[in-house]
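Notes to accompany the following structure.
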Amino acid sequence: MNPRMREYFRKKLLAWRKELFEDTGETLLKLKNETVPEPDIADRAATETERSVELRTRDRARKLISKIDAALERIEDGSYGFCEETGEPIGIKRLEARPIATLSIEAQERHERHERTHRDE
């Protein structure tokens, strides 16, 4: 991967990370402002369900941010764009679709097949 492509992906990852942080800030503000309890039990249940979904979404975003940070570290150390399993380059189309990818498509498919077959063990 040439320096220009690494810089492209670095900027893409930083923009994605910034967007996730902004969304998290908005969620926190929203949750702080919605502290008034609902008088109706059905409304209260709906509000709690919405909060629960929002918190799960934020937890996924937190995990995604750590993956973005790891991808940025790989860009810095020169290992970005290479499969962690095989050492082969990860396709640009795959990185474009999933910039945090650590496995080539083939390695990811093998990993998923292995998970499906060994799930019950």
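All residue names refer to the structure tokens as shown: chains lettered A, B, ... in order, residues numbered from 1 in each chain, ligands numbered from 1 in order.
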
7 Å contact set for range 67-82 of chain A, only C-alpha atoms, chain neighbours under 4 positions out, as a VMD selection string: chain A and resid 6 10 13 17 63 87 to 90 100

Those residues with N, CA and C atoms, as a PDB file, in the first residue's frame please?
```pdb
ATOM      1  N   ARG A   6      -2.464   4.995   2.247  1.00  0.00           N
ATOM      2  CA  ARG A   6      -2.468   4.965   3.717  1.00  0.00           C
ATOM      3  C   ARG A   6      -3.050   6.260   4.278  1.00  0.00           C
ATOM      4  N   ARG A  10      -6.273   6.718   6.573  1.00  0.00           N
ATOM      5  CA  ARG A  10      -6.095   7.380   7.862  1.00  0.00           C
ATOM      6  C   ARG A  10      -7.141   8.479   8.031  1.00  0.00           C
ATOM      7  N   LEU A  13     -10.625   6.922   8.494  1.00  0.00           N
ATOM      8  CA  LEU A  13     -10.792   6.391   9.841  1.00  0.00           C
ATOM      9  C   LEU A  13     -10.966   7.513  10.866  1.00  0.00           C
ATOM     10  N   ARG A  17     -14.215   8.081  13.228  1.00  0.00           N
ATOM     11  CA  ARG A  17     -14.033   8.169  14.676  1.00  0.00           C
ATOM     12  C   ARG A  17     -14.664   9.459  15.223  1.00  0.00           C
ATOM     13  N   LYS A  63     -16.829   0.048  21.112  1.00  0.00           N
ATOM     14  CA  LYS A  63     -15.997  -1.057  20.613  1.00  0.00           C
ATOM     15  C   LYS A  63     -15.449  -0.732  19.224  1.00  0.00           C
ATOM     16  N   GLY A  87      -0.761 -12.671   6.205  1.00  0.00           N
ATOM     17  CA  GLY A  87       0.262 -11.693   5.836  1.00  0.00           C
ATOM     18  C   GLY A  87       0.096 -11.140   4.434  1.00  0.00           C
ATOM     19  N   GLU A  88      -0.891 -11.641   3.715  1.00  0.00           N
ATOM     20  CA  GLU A  88      -1.165 -11.176   2.357  1.00  0.00           C
ATOM     21  C   GLU A  88      -1.905  -9.839   2.397  1.00  0.00           C
ATOM     22  N   PRO A  89      -1.797  -9.041   1.337  1.00  0.00           N
ATOM     23  CA  PRO A  89      -2.535  -7.770   1.304  1.00  0.00           C
ATOM     24  C   PRO A  89      -4.049  -7.989   1.316  1.00  0.00           C
ATOM     25  N   ILE A  90      -4.735  -7.136   2.032  1.00  0.00           N
ATOM     26  CA  ILE A  90      -6.205  -7.133   2.036  1.00  0.00           C
ATOM     27  C   ILE A  90      -6.622  -6.270   0.853  1.00  0.00           C
ATOM     28  N   ILE A 100     -11.610  -1.115   8.960  1.00  0.00           N
ATOM     29  CA  ILE A 100     -10.993  -1.685  10.150  1.00  0.00           C
ATOM     30  C   ILE A 100     -10.664  -3.162   9.967  1.00  0.00           C
TER      31      ILE A 100
END
```

Thr86 in chain A surroundings by only C-alpha atoms, 10 Å radius, close-in-sequence under 5 positions cut, as a ChimeraX atom specification: /A:103-104,106-107

Export N, CA and C atoms of the chosen residues as a PDB file, in the first residue's frame?
```
ATOM      1  N   LEU A 103      -8.516  -9.032   8.416  1.00  0.00           N
ATOM      2  CA  LEU A 103      -8.388 -10.292   7.685  1.00  0.00           C
ATOM      3  C   LEU A 103      -8.807 -10.096   6.232  1.00  0.00           C
ATOM      4  N   SER A 104      -8.164 -10.826   5.346  1.00  0.00           N
ATOM      5  CA  SER A 104      -8.591 -10.829   3.944  1.00  0.00           C
ATOM      6  C   SER A 104      -9.956 -11.504   3.871  1.00  0.00           C
ATOM      7  N   GLU A 106     -10.846 -14.124   2.216  1.00  0.00           N
ATOM      8  CA  GLU A 106     -10.683 -15.571   2.329  1.00  0.00           C
ATOM      9  C   GLU A 106     -10.476 -15.987   3.783  1.00  0.00           C
ATOM     10  N   ALA A 107      -9.598 -15.278   4.487  1.00  0.00           N
ATOM     11  CA  ALA A 107      -9.332 -15.604   5.888  1.00  0.00           C
ATOM     12  C   ALA A 107     -10.577 -15.358   6.744  1.00  0.00           C
TER      13      ALA A 107
END
```

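CA of Thr27 in chain A lies 8.0 Å from CA of Arg58 in chain A.
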
message: For the structure I just gave you, how does DSSP split range 51-112 of chain A - specifically, which residues are alpha helix (DSSP H)? Reply as a PyMOL selection string.
response: chain A and resi 51-77+92-97+105-112

Selection file, C-alpha atoms, as an mmCIF file, in the first residue's frame:
```
data_model
loop_
_atom_site.group_PDB
_atom_site.id
_atom_site.type_symbol
_atom_site.label_atom_id
_atom_site.label_comp_id
_atom_site.auth_asym_id
_atom_site.auth_seq_id
_atom_site.Cartn_x
_atom_site.Cartn_y
_atom_site.Cartn_z
ATOM 1 C CA ARG A 51 -32.684 4.076 26.443
ATOM 2 C CA SER A 52 -31.606 0.465 26.500
ATOM 3 C CA VAL A 53 -31.331 0.363 22.702
ATOM 4 C CA GLU A 54 -29.439 3.659 22.718
ATOM 5 C CA LEU A 55 -26.988 2.405 25.340
ATOM 6 C CA ARG A 56 -26.364 -0.821 23.388
ATOM 7 C CA THR A 57 -25.728 1.277 20.289
ATOM 8 C CA ARG A 58 -23.244 3.440 22.215
ATOM 9 C CA ASP A 59 -21.507 0.311 23.518
ATOM 10 C CA ARG A 60 -21.110 -0.938 19.944
ATOM 11 C CA ALA A 61 -19.751 2.483 18.977
ATOM 12 C CA ARG A 62 -17.242 2.313 21.842
ATOM 13 C CA LYS A 63 -15.997 -1.057 20.613
ATOM 14 C CA LEU A 64 -15.851 0.272 17.063
ATOM 15 C CA ILE A 65 -13.780 3.264 18.193
ATOM 16 C CA SER A 66 -11.219 0.907 19.742
ATOM 17 C CA LYS A 67 -11.052 -1.005 16.430
ATOM 18 C CA ILE A 68 -10.577 2.284 14.576
ATOM 19 C CA ASP A 69 -7.782 3.218 16.992
ATOM 20 C CA ALA A 70 -6.133 -0.164 16.364
ATOM 21 C CA ALA A 71 -6.394 0.392 12.587
ATOM 22 C CA LEU A 72 -4.788 3.835 12.985
ATOM 23 C CA GLU A 73 -1.947 2.208 14.945
ATOM 24 C CA ARG A 74 -1.485 -0.328 12.135
ATOM 25 C CA ILE A 75 -1.266 2.545 9.657
ATOM 26 C CA GLU A 76 1.479 4.096 11.800
ATOM 27 C CA ASP A 77 3.479 0.868 12.147
ATOM 28 C CA ILE A 92 -8.683 -2.270 -1.477
ATOM 29 C CA LYS A 93 -12.395 -2.919 -2.086
ATOM 30 C CA ARG A 94 -12.595 -4.746 1.241
ATOM 31 C CA LEU A 95 -10.759 -1.952 3.050
ATOM 32 C CA GLU A 96 -13.008 0.610 1.395
ATOM 33 C CA ALA A 97 -16.078 -1.266 2.648
ATOM 34 C CA ILE A 105 -11.945 -11.988 2.604
ATOM 35 C CA GLU A 106 -10.683 -15.571 2.329
ATOM 36 C CA ALA A 107 -9.332 -15.604 5.888
ATOM 37 C CA GLN A 108 -12.545 -14.000 7.203
ATOM 38 C CA GLU A 109 -14.664 -16.628 5.433
ATOM 39 C CA ARG A 110 -12.530 -19.420 6.930
ATOM 40 C CA HIS A 111 -12.878 -17.825 10.354
ATOM 41 C CA GLU A 112 -16.676 -17.570 10.008
#
```

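If you measure from each of A:Arg44, A:Arg119, A:Leu29, A:Pro99 to Lys11 in chain A using only C-alpha atoms, the closest one turns out to be A:Pro99.
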
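Remark: for Met1 in chain A, the closest of the candidate residues A:Glu85, A:Gly91, A:Pro39, A:His118 is A:Gly91 (distances computed over only C-alpha atoms).
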